[in-house]
>>> print(open('protein-v1.txt').read())   # compact mmCIF, C-alpha atoms
# COMPACT_ATOMS: atom_id res chain seq x y z
CA MET G 1268 -4.53 40.11 8.54
CA ARG G 1269 -3.03 43.58 8.33
CA LEU G 1270 -6.47 45.12 8.91
CA ALA G 1271 -7.07 42.94 11.96
CA SER G 1272 -3.63 43.75 13.29
CA GLY G 1273 -4.20 47.48 12.81
CA LEU G 1274 -7.60 47.27 14.48
CA ALA G 1275 -6.08 45.47 17.47
CA MET G 1276 -3.43 48.20 17.74
CA LEU G 1277 -6.06 50.93 17.66
CA LEU G 1278 -8.09 49.19 20.36
CA ALA G 1279 -4.97 48.82 22.49
CA CYS G 1280 -4.13 52.51 22.08
CA ALA G 1281 -7.70 53.47 22.96
CA SER G 1282 -7.53 51.30 26.08
CA VAL G 1283 -4.28 52.96 27.15
CA ALA G 1284 -5.76 56.41 26.51
CA ARG G 1285 -8.82 55.59 28.63
CA ALA G 1286 -6.55 54.35 31.42
CA GLU G 1287 -4.48 57.53 31.27
CA ASP G 1288 -7.56 59.76 31.17
CA ALA G 1289 -9.23 57.98 34.10
CA PRO G 1290 -8.77 59.90 37.34
CA ALA G 1291 -6.56 58.19 39.89
CA GLN G 1292 -8.61 56.61 42.65
CA ARG G 1293 -8.02 57.99 46.10
CA PRO G 1294 -7.02 55.44 48.74
CA ASP G 1295 -9.88 54.40 51.01
CA PRO G 1296 -9.21 55.89 54.47
CA ARG G 1297 -10.86 52.82 55.99
CA ALA G 1298 -8.05 50.73 54.51
CA GLN G 1299 -5.52 53.04 56.18
CA VAL G 1300 -7.33 52.68 59.52
CA SER G 1301 -7.36 48.88 59.15
CA GLU G 1302 -3.64 48.81 58.34
CA GLN G 1303 -2.79 50.97 61.35
CA ILE G 1304 -4.94 48.85 63.67
CA THR G 1305 -3.32 45.67 62.34
CA ALA G 1306 0.14 47.18 62.89
CA GLU G 1307 -0.81 48.24 66.44
CA LEU G 1308 -2.08 44.72 67.20
CA GLN G 1309 1.20 43.24 65.99
CA VAL G 1310 3.18 45.61 68.22
CA LEU G 1311 0.90 44.86 71.17
CA ASP G 1312 1.26 41.10 70.67
CA GLN G 1313 5.06 41.39 70.51
CA THR G 1314 5.14 43.65 73.60
CA ILE G 1315 2.78 41.39 75.55
CA GLY G 1316 5.02 38.44 74.71
CA THR G 1317 8.15 40.31 75.80
CA VAL G 1318 6.61 41.50 79.06
CA GLY G 1319 5.23 38.01 79.71
CA GLU G 1320 8.71 36.52 79.33
CA LYS G 1321 10.12 39.15 81.69
CA LEU G 1322 7.34 38.41 84.19
CA SER G 1323 8.03 34.66 84.06
CA ALA G 1324 11.77 35.21 84.50
CA ALA G 1325 11.15 37.69 87.31
CA ASP G 1326 8.87 35.20 89.07
CA ALA G 1327 11.51 32.47 88.87
CA GLN G 1328 14.25 34.77 90.20
CA ARG G 1329 11.93 36.19 92.82
CA LEU G 1330 11.09 32.72 94.11
CA ARG G 1331 14.77 31.88 94.55
CA ARG G 1332 15.52 35.18 96.28
CA ILE G 1333 12.49 34.94 98.56
CA ARG G 1334 13.54 31.44 99.65
CA ALA G 1335 17.03 32.77 100.42
CA ALA G 1336 15.56 35.78 102.25
CA TYR G 1337 13.25 33.61 104.36
CA ARG G 1338 16.15 31.36 105.32
CA ILE G 1339 17.89 34.48 106.64
CA LEU G 1340 14.76 35.68 108.46
CA ARG G 1341 14.13 32.27 110.04
CA ALA G 1342 17.73 31.58 110.99
CA PRO G 1343 17.85 31.21 114.80
CA LEU G 1344 20.15 33.46 116.77
CA PRO G 1345 22.11 31.73 119.53
CA SER G 1346 21.10 32.82 123.03
CA ASP G 1347 24.72 33.61 123.83
CA ALA G 1348 25.29 35.68 120.67
CA SER G 1349 27.42 38.76 121.10
CA GLU G 1350 26.21 42.29 120.50
CA ALA G 1351 28.18 42.39 117.21
CA GLU G 1352 26.54 39.16 116.06
CA ARG G 1353 23.11 40.49 116.97
CA MET G 1354 23.77 43.69 114.99
CA ALA G 1355 24.99 41.70 111.98
CA SER G 1356 21.92 39.47 112.13
CA ALA G 1357 19.66 42.52 112.32
CA ARG G 1358 21.32 44.00 109.23
CA ARG G 1359 20.91 40.72 107.32
CA ARG G 1360 17.25 40.54 108.30
CA ALA G 1361 16.66 44.16 107.23
CA ALA G 1362 18.36 43.49 103.87
CA ALA G 1363 16.24 40.36 103.38
CA ARG G 1364 13.00 42.30 104.05
CA LEU G 1365 14.12 45.05 101.67
CA LEU G 1366 14.85 42.43 98.99
CA ILE G 1367 11.38 40.92 99.37
CA GLU G 1368 9.73 44.36 99.19
CA ARG G 1369 11.75 45.30 96.08
CA ASP G 1370 10.96 42.05 94.29
CA THR G 1371 7.27 42.39 95.14
CA ALA G 1372 7.22 45.95 93.76
CA GLU G 1373 8.98 44.93 90.53
CA ARG G 1374 6.61 42.02 90.06
CA THR G 1375 3.60 44.31 90.63
CA LEU G 1376 4.88 46.76 87.99
CA LEU G 1377 5.27 44.00 85.40
CA ALA G 1378 1.84 42.59 86.23
CA ASP G 1379 0.26 46.07 85.90
CA GLU G 1380 2.01 46.60 82.56
CA THR G 1381 0.71 43.23 81.35
CA LYS G 1382 -2.84 44.19 82.32
CA GLN G 1383 -2.57 47.59 80.63
CA LEU G 1384 -1.31 45.95 77.43
CA ALA G 1385 -4.12 43.38 77.55
CA ASP G 1386 -6.67 46.18 78.02
CA ALA G 1387 -5.13 48.11 75.11
CA LYS G 1388 -5.37 45.02 72.92
CA THR G 1389 -9.05 44.59 73.84
CA VAL G 1390 -9.73 48.21 72.85
CA THR G 1391 -7.79 47.80 69.59
CA VAL G 1392 -9.59 44.57 68.65
CA SER G 1393 -12.91 46.32 69.33
CA ALA G 1394 -11.77 49.22 67.12
CA SER G 1395 -11.11 46.86 64.21
CA GLY G 1396 -14.76 45.81 64.24
CA LYS G 1397 -15.92 49.42 63.80
CA VAL G 1398 -13.94 50.08 60.62
CA PRO G 1399 -16.39 48.74 57.98
CA ALA G 1400 -19.20 51.00 59.21
CA LEU G 1401 -17.12 54.20 59.26
CA ALA G 1402 -18.43 57.15 57.23
CA MET G 1403 -15.19 58.63 55.96
CA PRO G 1404 -14.74 61.50 53.48
CA GLU G 1405 -13.52 60.94 49.94
CA SER G 1406 -11.61 64.21 50.17
CA LEU G 1407 -10.99 67.15 52.49
CA ALA G 1408 -10.39 70.78 51.60
CA TRP G 1409 -6.98 72.22 52.49
CA PRO G 1410 -7.35 74.25 55.70
CA VAL G 1411 -4.90 76.84 54.35
CA LYS G 1412 -3.05 77.62 51.14
CA GLY G 1413 0.44 76.19 51.16
CA THR G 1414 2.63 73.13 50.85
CA ILE G 1415 3.32 70.23 53.22
CA ALA G 1416 6.49 70.91 55.21
CA ARG G 1417 6.28 67.96 57.59
CA HIS G 1418 4.55 64.71 56.77
CA PHE G 1419 2.58 62.27 58.91
CA GLY G 1420 4.33 59.27 60.47
CA PRO G 1421 7.67 58.31 62.01
CA TYR G 1422 10.64 60.66 61.81
CA GLU G 1423 14.06 61.13 63.40
CA HIS G 1424 14.47 64.06 65.80
CA GLU G 1425 17.14 66.41 64.48
CA LYS G 1426 19.01 66.90 67.78
CA SER G 1427 18.43 63.72 69.81
CA HIS G 1428 18.11 61.37 66.79
CA ALA G 1429 15.29 59.64 68.65
CA MET G 1430 12.58 58.06 66.48
CA LEU G 1431 9.28 59.88 67.02
CA THR G 1432 5.86 59.81 65.38
CA ARG G 1433 4.11 62.85 63.91
CA ARG G 1434 0.33 62.49 64.10
CA GLY G 1435 -0.55 65.17 61.59
CA LEU G 1436 0.82 67.51 58.93
CA ASP G 1437 2.62 70.83 59.10
CA ILE G 1438 1.49 73.00 56.19
CA GLU G 1439 3.83 75.83 55.17
CA THR G 1440 1.70 78.86 54.29
CA GLU G 1441 2.34 81.17 51.38
CA LYS G 1442 2.05 84.27 53.59
CA LYS G 1443 2.33 84.98 57.30
CA HIS G 1444 -0.99 84.95 59.17
CA GLU G 1445 -2.89 83.30 56.30
CA SER G 1446 -6.61 82.76 56.87
CA VAL G 1447 -7.42 79.20 57.97
CA ALA G 1448 -10.71 77.42 57.25
CA ALA G 1449 -12.62 74.24 58.10
CA SER G 1450 -11.87 71.29 55.80
CA ALA G 1451 -15.37 69.79 55.99
CA ASP G 1452 -18.79 70.35 57.53
CA GLY G 1453 -18.94 69.70 61.26
CA VAL G 1454 -19.39 71.01 64.79
CA VAL G 1455 -16.71 72.79 66.84
CA ARG G 1456 -15.98 70.73 69.97
CA TYR G 1457 -13.00 72.71 71.26
CA ALA G 1458 -11.38 76.05 70.53
CA GLY G 1459 -8.41 77.29 72.52
CA PRO G 1460 -4.83 76.48 73.53
CA ILE G 1461 -3.35 73.11 72.57
CA ARG G 1462 -0.06 72.25 74.26
CA GLY G 1463 2.84 72.81 71.90
CA LEU G 1464 0.55 73.92 69.06
CA ASP G 1465 -0.50 77.46 70.01
CA ASP G 1466 -4.28 77.83 69.68
CA GLY G 1467 -6.37 75.32 67.77
CA VAL G 1468 -9.83 74.11 66.85
CA ILE G 1469 -11.19 70.54 67.07
CA ILE G 1470 -14.12 69.84 64.76
CA ASP G 1471 -16.43 66.83 64.99
CA HIS G 1472 -17.39 65.43 61.56
CA GLY G 1473 -19.32 62.38 62.70
CA ASP G 1474 -16.98 59.39 62.54
CA TYR G 1475 -13.82 61.49 62.66
CA PHE G 1476 -12.35 64.71 64.06
CA THR G 1477 -10.07 67.25 62.44
CA VAL G 1478 -7.59 69.22 64.52
CA VAL G 1479 -6.42 72.55 63.07
CA ALA G 1480 -3.76 74.27 65.17
CA LYS G 1481 -0.85 76.72 65.30
CA LEU G 1482 -3.49 79.42 64.99
CA THR G 1483 -4.18 82.89 66.30
CA ASP G 1484 -7.33 85.04 66.39
CA VAL G 1485 -9.54 82.02 67.12
CA THR G 1486 -12.91 83.48 68.08
CA ILE G 1487 -15.29 80.72 66.98
CA PRO G 1488 -17.33 79.41 69.96
CA VAL G 1489 -17.68 75.75 70.94
CA GLY G 1490 -20.87 74.21 69.53
CA THR G 1491 -20.78 76.24 66.32
CA LYS G 1492 -21.80 74.38 63.18
CA VAL G 1493 -19.29 75.07 60.41
CA ALA G 1494 -19.24 74.31 56.72
CA ALA G 1495 -16.18 73.53 54.62
CA GLY G 1496 -14.42 76.82 53.94
CA ASP G 1497 -15.70 78.65 57.03
CA ARG G 1498 -13.00 80.74 58.71
CA LEU G 1499 -11.51 79.35 61.93
CA GLY G 1500 -8.75 81.90 62.53
CA ARG G 1501 -5.35 82.82 61.12
CA ALA G 1502 -1.98 81.09 61.05
CA ALA G 1503 0.03 82.14 64.11
CA ARG G 1504 3.14 82.32 61.92
CA TYR G 1505 3.99 80.52 58.68
CA ARG G 1506 2.79 77.01 59.52
CA VAL G 1507 -0.54 75.39 60.29
CA TYR G 1508 -0.94 71.98 61.91
CA PHE G 1509 -3.62 69.62 60.53
CA GLU G 1510 -4.66 66.27 61.96
CA VAL G 1511 -7.42 63.72 61.31
CA ARG G 1512 -8.53 61.35 64.10
CA VAL G 1513 -10.96 58.49 63.47
CA LYS G 1514 -13.43 57.58 66.23
CA VAL G 1515 -12.50 53.93 66.68
CA THR G 1516 -10.69 54.32 70.03
CA PRO G 1517 -11.46 56.56 73.05
CA GLY G 1518 -8.94 59.22 72.02
CA GLY G 1519 -9.37 58.69 68.29
CA LEU G 1520 -6.90 57.02 65.93
CA PRO G 1521 -4.77 59.52 63.96
CA ILE G 1522 -4.45 58.74 60.25
CA ASP G 1523 -2.48 60.36 57.45
CA PRO G 1524 -4.55 63.31 56.16
CA GLU G 1525 -2.38 63.84 53.08
CA PRO G 1526 -4.14 61.35 50.76
CA LEU G 1527 -7.49 62.97 51.64
CA LEU G 1528 -6.55 66.54 50.76
CA SER G 1529 -8.22 67.73 47.57
CA GLU G 1530 -5.89 68.47 44.67
>>> encode(input="protein-v1.txt", output="structure tokens")
Amino acid sequence: MRLASGLAMLLACASVARAEDAPAQRPDPRAQVSEQITAELQVLDQTIGTVGEKLSAADAQRLRRIRAAYRILRAPLPSDASEAERMASARRRAAARLLIERDTAERTLLADETKQLADAKTVTVSASGKVPALAMPESLAWPVKGTIARHFGPYEHEKSHAMLTRRGLDIETEKKHESVAASADGVVRYAGPIRGLDDGVIIDHGDYFTVVAKLTDVTIPVGTKVAAGDRLGRAARYRVYFEVRVKVTPGGLPIDPEPLLSE
């Protein structure tokens, strides 16, 4: 019994050791894309419901106001009405027409917003069907030596306290003007100014893009084939911006690059 017990303990220890020695599996970026698409669909459904309720309420109020406005417009004016009465009637009629025009404009805005949301949902549903076939990398090389100063995702603006969303990473470099390189093999699709991000480079990797920005000395021409590690430019200061966009929507869906960066 003691021998069996000792053997079981040894096997258990060996199992734990194997589990500790096994490298941690990286999260599948496709799972991240699916989660983000699911979250977007939930937000779209909630927004469509809210706008639909507003549209229904606006239609009900609009109907009541239009009926009141038409009563004013159709109200007969006595043939012996005074000049003051005629002026007052004209003002009421002008106000009624303005009310109808305003209600019609508000209703059109809500209807347009509903259509835009419905179109966005159609695009997002279509994107969800593309996820299983995506060819995504298991890892990406760091574009520059450094540490992550600002992470992907929602954050609170320091001054306004508004909730915003960061679509990439800010990497703090070890030295000013560090050399910056491509994170994977691909083709340069854009090189030049990016609003709010100094100069940058957009590289096409097949099913996804990488955006590397806050650069200077970018001389690589559009159409150039690059390999992981090829120089793209230098950090404009002490930070480099890095973004990954997956080709499931027209503009690409940004995902968190941090889990993909090689250790």
>>> residues_around(input="protein-v1.txt", residues="Ile1367 (chain G)", least_positions_apart="4", cutoff="12 Å", atoms="all atoms listed in the file", output="VMD selection string")
chain G and resid 1328 to 1337 1339 to 1340 1360 to 1363 1371 to 1374
>>> write_last_selection(input="protein-v1.txt", atoms="C-alpha atoms", output="mmCIF file, keeping the file's coordinate frame")
data_model
loop_
_atom_site.group_PDB
_atom_site.id
_atom_site.type_symbol
_atom_site.label_atom_id
_atom_site.label_comp_id
_atom_site.auth_asym_id
_atom_site.auth_seq_id
_atom_site.Cartn_x
_atom_site.Cartn_y
_atom_site.Cartn_z
ATOM 1 C CA GLN G 1328 14.250 34.770 90.200
ATOM 2 C CA ARG G 1329 11.930 36.190 92.820
ATOM 3 C CA LEU G 1330 11.090 32.720 94.110
ATOM 4 C CA ARG G 1331 14.770 31.880 94.550
ATOM 5 C CA ARG G 1332 15.520 35.180 96.280
ATOM 6 C CA ILE G 1333 12.490 34.940 98.560
ATOM 7 C CA ARG G 1334 13.540 31.440 99.650
ATOM 8 C CA ALA G 1335 17.030 32.770 100.420
ATOM 9 C CA ALA G 1336 15.560 35.780 102.250
ATOM 10 C CA TYR G 1337 13.250 33.610 104.360
ATOM 11 C CA ILE G 1339 17.890 34.480 106.640
ATOM 12 C CA LEU G 1340 14.760 35.680 108.460
ATOM 13 C CA ARG G 1360 17.250 40.540 108.300
ATOM 14 C CA ALA G 1361 16.660 44.160 107.230
ATOM 15 C CA ALA G 1362 18.360 43.490 103.870
ATOM 16 C CA ALA G 1363 16.240 40.360 103.380
ATOM 17 C CA THR G 1371 7.270 42.390 95.140
ATOM 18 C CA ALA G 1372 7.220 45.950 93.760
ATOM 19 C CA GLU G 1373 8.980 44.930 90.530
ATOM 20 C CA ARG G 1374 6.610 42.020 90.060
#
>>> residues_near_point(input="protein-v1.txt", point="(-20.7, 71.6, 62.3)", cutoff="12 Å", atoms="all atoms listed in the file", output="list in words")
Ala1449, Ser1450, Ala1451, Asp1452, Gly1453, Val1454, Val1455, Arg1456, Tyr1457, Ile1469, Ile1470, Asp1471, His1472, Gly1473, Phe1476, Thr1477, Ile1487, Pro1488, Val1489, Gly1490, Thr1491, Lys1492, Val1493, Ala1494, Ala1495, Gly1496 and Asp1497 of chain G
>>> residues_around(input="protein-v1.txt", residues="Asp1484 (chain G)", least_positions_apart="5", cutoff="9 Å", atoms="all atoms listed in the file", output="count of residues only")
6
>>> residues_around(input="protein-v1.txt", residues="Thr1389 (chain G)", least_positions_apart="3", cutoff="12 Å", atoms="only C-alpha atoms", output="list in words")
Ile1304, Glu1307, Leu1308, Leu1311, Asp1312, Lys1382, Gln1383, Leu1384, Ala1385, Asp1386, Val1392, Ser1393, Ala1394, Ser1395, Gly1396 and Thr1516 of chain G
>>> atom_distance(input="protein-v1.txt", atom1="CA of Ala1408 (chain G)", atom2="CA of Leu1464 (chain G)")
20.8 Å
>>> residues_around(input="protein-v1.txt", residues="Leu1401 (chain G)", least_positions_apart="5", cutoff="10 Å", atoms="only C-alpha atoms", output="JSON list (two decimals) with C-alpha atoms, in the frame of the given file")
[["chain", "number", "residue", "atom", "x", "y", "z"],
["G", 1296, "PRO", "CA", -9.21, 55.89, 54.47],
["G", 1297, "ARG", "CA", -10.86, 52.82, 55.99],
["G", 1300, "VAL", "CA", -7.33, 52.68, 59.52],
["G", 1473, "GLY", "CA", -19.32, 62.38, 62.70],
["G", 1474, "ASP", "CA", -16.98, 59.39, 62.54],
["G", 1475, "TYR", "CA", -13.82, 61.49, 62.66],
["G", 1513, "VAL", "CA", -10.96, 58.49, 63.47],
["G", 1514, "LYS", "CA", -13.43, 57.58, 66.23],
["G", 1515, "VAL", "CA", -12.50, 53.93, 66.68]]
>>> residues_around(input="protein-v1.txt", residues="Lys1442 (chain G)", least_positions_apart="5", cutoff="9 Å", atoms="all atoms listed in the file", output="ChimeraX atom specification")
/G:1412-1413,1504-1505
>>> atom_distance(input="protein-v1.txt", atom1="CA of Gln1303 (chain G)", atom2="CA of Glu1320 (chain G)")
25.8 Å
>>> atom_distance(input="protein-v1.txt", atom1="CA of Thr1381 (chain G)", atom2="CA of Gly1519 (chain G)")
22.6 Å
>>> closest_residue(input="protein-v1.txt", among="G:Ile1522, G:Phe1419, G:Gly1316, G:Val1485", to="Asp1437 (chain G)", atoms="all atoms listed in the file")
G:Phe1419
>>> residues_near_point(input="protein-v1.txt", point="(1.9, 75.6, 59.6)", cutoff="7 Å", atoms="only C-alpha atoms", output="PyMOL selection string")
chain G and resi 1437-1440+1481+1502+1505-1508
>>> closest_residue(input="protein-v1.txt", among="G:Leu1436, G:Ala1378, G:Val1447, G:Val1310", to="Pro1526 (chain G)", atoms="only C-alpha atoms")
G:Leu1436
>>> decode(input="protein-v1.txt", residues="region 1376-1398 of chain G", atoms="N, CA and C atoms", output="JSON list (two decimals), in the first residue's frame")
[["chain", "number", "residue", "atom", "x", "y", "z"],
["G", 1376, "LEU", "N", -34.15, 62.18, -39.83],
["G", 1376, "LEU", "CA", -32.88, 61.88, -39.18],
["G", 1376, "LEU", "C", -32.93, 60.54, -38.46],
["G", 1377, "LEU", "N", -34.00, 60.29, -37.72],
["G", 1377, "LEU", "CA", -34.14, 59.02, -37.00],
["G", 1377, "LEU", "C", -34.24, 57.85, -37.97],
["G", 1378, "ALA", "N", -34.97, 58.04, -39.07],
["G", 1378, "ALA", "CA", -35.09, 56.98, -40.06],
["G", 1378, "ALA", "C", -33.74, 56.69, -40.72],
["G", 1379, "ASP", "N", -32.97, 57.75, -41.02],
["G", 1379, "ASP", "CA", -31.63, 57.56, -41.60],
["G", 1379, "ASP", "C", -30.71, 56.84, -40.63],
["G", 1380, "GLU", "N", -30.79, 57.21, -39.34],
["G", 1380, "GLU", "CA", -29.96, 56.55, -38.33],
["G", 1380, "GLU", "C", -30.32, 55.07, -38.22],
["G", 1381, "THR", "N", -31.61, 54.77, -38.29],
["G", 1381, "THR", "CA", -32.06, 53.37, -38.24],
["G", 1381, "THR", "C", -31.50, 52.57, -39.41],
["G", 1382, "LYS", "N", -31.53, 53.18, -40.60],
["G", 1382, "LYS", "CA", -31.00, 52.50, -41.78],
["G", 1382, "LYS", "C", -29.50, 52.28, -41.67],
["G", 1383, "GLN", "N", -28.78, 53.30, -41.19],
["G", 1383, "GLN", "CA", -27.33, 53.16, -41.04],
["G", 1383, "GLN", "C", -26.98, 52.05, -40.04],
["G", 1384, "LEU", "N", -27.73, 51.98, -38.95],
["G", 1384, "LEU", "CA", -27.50, 50.93, -37.96],
["G", 1384, "LEU", "C", -27.81, 49.55, -38.55],
["G", 1385, "ALA", "N", -28.89, 49.46, -39.32],
["G", 1385, "ALA", "CA", -29.24, 48.19, -39.95],
["G", 1385, "ALA", "C", -28.16, 47.76, -40.94],
["G", 1386, "ASP", "N", -27.63, 48.73, -41.71],
["G", 1386, "ASP", "CA", -26.55, 48.42, -42.65],
["G", 1386, "ASP", "C", -25.30, 47.97, -41.90],
["G", 1387, "ALA", "N", -24.99, 48.65, -40.78],
["G", 1387, "ALA", "CA", -23.83, 48.27, -39.97],
["G", 1387, "ALA", "C", -23.98, 46.86, -39.42],
["G", 1388, "LYS", "N", -25.20, 46.51, -39.02],
["G", 1388, "LYS", "CA", -25.44, 45.16, -38.50],
["G", 1388, "LYS", "C", -25.24, 44.12, -39.60],
["G", 1389, "THR", "N", -25.71, 44.44, -40.82],
["G", 1389, "THR", "CA", -25.53, 43.51, -41.95],
["G", 1389, "THR", "C", -24.05, 43.26, -42.20],
["G", 1390, "VAL", "N", -23.26, 44.34, -42.18],
["G", 1390, "VAL", "CA", -21.81, 44.22, -42.39],
["G", 1390, "VAL", "C", -21.17, 43.39, -41.27],
["G", 1391, "THR", "N", -21.60, 43.62, -40.04],
["G", 1391, "THR", "CA", -21.02, 42.92, -38.89],
["G", 1391, "THR", "C", -21.39, 41.44, -38.91],
["G", 1392, "VAL", "N", -22.62, 41.13, -39.27],
["G", 1392, "VAL", "CA", -23.04, 39.72, -39.37],
["G", 1392, "VAL", "C", -22.22, 39.03, -40.47],
["G", 1393, "SER", "N", -22.02, 39.73, -41.60],
["G", 1393, "SER", "CA", -21.20, 39.17, -42.67],
["G", 1393, "SER", "C", -19.77, 38.93, -42.20],
["G", 1394, "ALA", "N", -19.26, 39.86, -41.38],
["G", 1394, "ALA", "CA", -17.88, 39.72, -40.86],
["G", 1394, "ALA", "C", -17.75, 38.47, -40.00],
["G", 1395, "SER", "N", -18.79, 38.15, -39.22],
["G", 1395, "SER", "CA", -18.70, 36.99, -38.34],
["G", 1395, "SER", "C", -18.53, 35.70, -39.12],
["G", 1396, "GLY", "N", -19.06, 35.65, -40.34],
["G", 1396, "GLY", "CA", -18.93, 34.45, -41.16],
["G", 1396, "GLY", "C", -17.54, 34.27, -41.74],
["G", 1397, "LYS", "N", -16.74, 35.33, -41.76],
["G", 1397, "LYS", "CA", -15.38, 35.26, -42.32],
["G", 1397, "LYS", "C", -14.35, 34.77, -41.31],
["G", 1398, "VAL", "N", -14.70, 34.79, -40.02],
["G", 1398, "VAL", "CA", -13.72, 34.54, -38.96],
["G", 1398, "VAL", "C", -13.06, 33.17, -39.06]]
